[in-house]
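Inspection log for the structure reproduced underneath, given as structure tokens.
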Amino acid sequence: MRYAITNGTILSPRDKLRGGTVVVEDGKILGIHAERIEVPDAQNIDAAGGYIAPGFIDLHVHGGGGCDFMDGTAEAFLTIAAMHARHGTTAMVPTTLTAETESLLRTLDAYESAHRQNSSGATFLGMHLEGPYFALSQRGAQDPRYIRNPDPDQYEAILAHSSAITRWSAAPELPGAIEFGLRLREKGIVAAIAHTDALYDEVLAAYQSGYSLVTHLYSAMSGVTRRNAFRYAGVIESALLLDLDVEIIGDGIHVPAPLLQLVYKVKGPDRIALITDAMRAAGMPEGPSTLGALDGGLPVIVEDGVAKLSDRSAFAGSVATMDRAVRNMVQLGGVSLADTVRMASSTPARIMGVADRKGSLDTGKDADLVILDATLEVTMTMIAGSIVHDTRAVPTLP
């Protein structure tokens with residue numbers, strides 16, 4: 001199928017092209033034109049004066065539409081991928097929670113099956129294992145029963161079981177964490193710092209050993225602390241200082257407006273990836289829900305636009321979608337739409353090593369794109385040249 005997308009502002013890597021044309025054919029972007037052109041044998045897509053943007057890439061997502069990846073079924077994966085595609089996500093990195101090894105292996109197996117079947121949801125870019133190598137003091141909503149120090153016997157068995165792992169989050173101050181980071185780098189897996197009480201020297205050692213990303217900045221990590229009257233920089237300050245990439249939960253609650261503005265001012269759009277960190281209740285009504293697998297997961301309550309532990313003592317995950325993250329960064333963070341879209345597309349594509357084919361509207365890349373209206377609501381999502389979501393008004397005949 002050939003498409004010509006017109007009557008919108010194209011958010012290309014180099015410029016805003018008002019009134020231009022994006023030509024799509026055979027799942028790829030065939031051309032980007034600064035003006036409206038006639039494309040023979042093409043189906044025209046009218047952007048209705050909105051924005052034509054690259055599809056969003058979510059590096060950290062646990063679920064949505066009533067399902068969680070830890071449910072361990074291909075059906076759960078496909079449901080989540082389809083739900084988030086309706087909100088502009090064209091590629092994602094499914095994320096686990098800390099769990100027993102058997103549960104992690106079952107989820108990896110489900111990924112393999114879903115990856116083969118996925119034809120109408122966000123493309124899968126490999127699995128993100130979040131844990132189990134965390135600081136117990138910074139566990140957040142992670143199940144403390146399974147938190148442990150990096151164990152070569154365990155992680156080597158997991159790595160041998162599946163080649164689907166593309167990122168893994170751990171606390172770098174734990175015994176064995178540096179060796180673990182070196183092993184991940186050797187395997188070409190993105191090593192990320194998460195759920196940690198590390199101080200600057202420990203973060204620096206991790207950075208020098210291959211850790212390149214900070215998982216959900218500000219959440220479940222140390223800031224400036226005092227020990228024996230002396231102040232020490234924590235993970236937050238280290239992430240801002242070092243050339244580490246950071247991801248930000250874009251629900252406007254985990255990271256409020258002043259911190260969104262601070263991170264943007266310090267790191268800039270090429271070091272920030274917007275994420276949802278969404279759990280199963282994303283896209284569902286507020287009320288009781290479960291974090292993790294339905295069988296043995298953690299009961300939570302969804303209210304005020306966020307998931308909380310049942311005693312309301314802490315957040316238990318986001319219910320955001322990527323379009324909400326984009327709107328929040330523009331409206332709360334005061335960031336331009338062009339820079340915000342970079343944080344939702346090209347920066348995560350680079351982090352995951354897929355920038356050669358995804359993350360921007362460029363000739364030859366995958367035809368993953370979204371149309372946003374003036375309020376930044378998604379009206380159409382296209383993945384690999386196929387329209388998987390479309391709410392644009394269709395004119396009726398008189």
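Labels used: A, B, ... for chains in the order of the structure tokens, numbers from 1 for residues in each chain, and numbers from 1 for ligands as shown.
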Problem - Spatial neighbours of Leu104 of chain A, max dist 12 Å, only C-alpha atoms, sep filter under 3 positions, as a VMD selection string - result: chain A and resid 69 to 73 95 to 101 107 to 111 127 to 132 146 154 to 155 157 to 159 161 to 162 164 to 165 292 to 293
Handout entry: All strand (DSSP E or B) positions in segment 78-109 of chain A, as a ChimeraX atom specification
Key = /A:89-95
Completion exercise
Of A:Phe124, A:Phe315, A:Tyr264, A:Tyr232, the one sitting nearest Thr166 of chain A when using only C-alpha atoms is A:Phe124
Practice task
From a DSSP pass on the backbone, collect the residues of segment 230-312 of chain A flagged as helix (DSSP H, G or I) and hand them back as a PyMOL selection string.
Solution key: chain A and resi 235-241+257-267
Selection to disk with N, CA and C atoms, as a PDB file, in the first residue's frame:
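Written file, out22.pdb:
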ATOM      1  N   VAL A 235      22.585   9.190  43.367  1.00  0.00           N
ATOM      2  CA  VAL A 235      22.385   8.798  41.971  1.00  0.00           C
ATOM      3  C   VAL A 235      21.772   9.945  41.165  1.00  0.00           C
ATOM      4  N   ILE A 236      20.841  10.686  41.768  1.00  0.00           N
ATOM      5  CA  ILE A 236      20.188  11.767  41.034  1.00  0.00           C
ATOM      6  C   ILE A 236      21.217  12.783  40.548  1.00  0.00           C
ATOM      7  N   GLU A 237      22.069  13.264  41.465  1.00  0.00           N
ATOM      8  CA  GLU A 237      23.066  14.254  41.085  1.00  0.00           C
ATOM      9  C   GLU A 237      24.096  13.664  40.116  1.00  0.00           C
ATOM     10  N   SER A 238      24.447  12.401  40.330  1.00  0.00           N
ATOM     11  CA  SER A 238      25.409  11.740  39.433  1.00  0.00           C
ATOM     12  C   SER A 238      24.854  11.637  38.020  1.00  0.00           C
ATOM     13  N   ALA A 239      23.568  11.321  37.925  1.00  0.00           N
ATOM     14  CA  ALA A 239      22.932  11.198  36.603  1.00  0.00           C
ATOM     15  C   ALA A 239      22.910  12.539  35.876  1.00  0.00           C
ATOM     16  N   LEU A 240      22.702  13.614  36.617  1.00  0.00           N
ATOM     17  CA  LEU A 240      22.687  14.937  35.998  1.00  0.00           C
ATOM     18  C   LEU A 240      24.089  15.371  35.579  1.00  0.00           C
ATOM     19  N   LEU A 241      25.095  14.937  36.324  1.00  0.00           N
ATOM     20  CA  LEU A 241      26.462  15.368  36.063  1.00  0.00           C
ATOM     21  C   LEU A 241      27.156  14.562  34.965  1.00  0.00           C
ATOM     22  N   ALA A 257       6.281  19.122  37.735  1.00  0.00           N
ATOM     23  CA  ALA A 257       6.704  20.123  36.755  1.00  0.00           C
ATOM     24  C   ALA A 257       8.084  20.720  37.028  1.00  0.00           C
ATOM     25  N   PRO A 258       8.409  21.173  38.245  1.00  0.00           N
ATOM     26  CA  PRO A 258       9.737  21.782  38.441  1.00  0.00           C
ATOM     27  C   PRO A 258      10.891  20.833  38.138  1.00  0.00           C
ATOM     28  N   LEU A 259      10.702  19.551  38.444  1.00  0.00           N
ATOM     29  CA  LEU A 259      11.766  18.588  38.173  1.00  0.00           C
ATOM     30  C   LEU A 259      11.834  18.250  36.687  1.00  0.00           C
ATOM     31  N   LEU A 260      10.690  18.209  35.997  1.00  0.00           N
ATOM     32  CA  LEU A 260      10.720  18.047  34.545  1.00  0.00           C
ATOM     33  C   LEU A 260      11.532  19.174  33.914  1.00  0.00           C
ATOM     34  N   GLN A 261      11.307  20.387  34.386  1.00  0.00           N
ATOM     35  CA  GLN A 261      12.015  21.546  33.845  1.00  0.00           C
ATOM     36  C   GLN A 261      13.505  21.484  34.162  1.00  0.00           C
ATOM     37  N   LEU A 262      13.842  21.049  35.377  1.00  0.00           N
ATOM     38  CA  LEU A 262      15.250  20.952  35.765  1.00  0.00           C
ATOM     39  C   LEU A 262      15.990  19.917  34.926  1.00  0.00           C
ATOM     40  N   VAL A 263      15.413  18.731  34.794  1.00  0.00           N
ATOM     41  CA  VAL A 263      16.081  17.676  34.034  1.00  0.00           C
ATOM     42  C   VAL A 263      16.282  18.115  32.587  1.00  0.00           C
ATOM     43  N   TYR A 264      15.272  18.721  32.004  1.00  0.00           N
ATOM     44  CA  TYR A 264      15.401  19.190  30.622  1.00  0.00           C
ATOM     45  C   TYR A 264      16.499  20.238  30.508  1.00  0.00           C
ATOM     46  N   LYS A 265      16.564  21.158  31.455  1.00  0.00           N
ATOM     47  CA  LYS A 265      17.571  22.222  31.414  1.00  0.00           C
ATOM     48  C   LYS A 265      18.985  21.665  31.505  1.00  0.00           C
ATOM     49  N   VAL A 266      19.168  20.630  32.329  1.00  0.00           N
ATOM     50  CA  VAL A 266      20.503  20.074  32.538  1.00  0.00           C
ATOM     51  C   VAL A 266      20.888  19.065  31.459  1.00  0.00           C
ATOM     52  N   LYS A 267      19.975  18.147  31.126  1.00  0.00           N
ATOM     53  CA  LYS A 267      20.329  17.030  30.245  1.00  0.00           C
ATOM     54  C   LYS A 267      20.025  17.300  28.777  1.00  0.00           C
TER      55      LYS A 267
END
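Ranking A:Ser219, A:Ser313, A:Ser346, A:Ser318 by their shortest atom-to-atom distance to Asp362 of chain A, with only C-alpha atoms included, puts A:Ser346 first.
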Practice task
Would you please work out which residue, of A:Val378, A:Ala91, A:Ala278, A:Ala367, is nearest to Val326 of chain A when using only C-alpha atoms?
Solution key: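 The shortest atom-to-atom distance to Val326 of chain A comes from A:Val378.
Of the listed residues A:Asp339, A:Asp197, A:Glu75, A:Asp390, the one whose atoms come nearest to Glu112 of chain A is A:Glu75, with distances taken using only C-alpha atoms.
Excluding Leu242 of chain A itself and any same-chain residue fewer than 5 positions from it, the protein and nucleic acid residues within 10 Å of it, counting only C-alpha atoms, are Tyr200, Val203, Leu204, Tyr207, Ser212, Glu237 and Lys267 of chain A.
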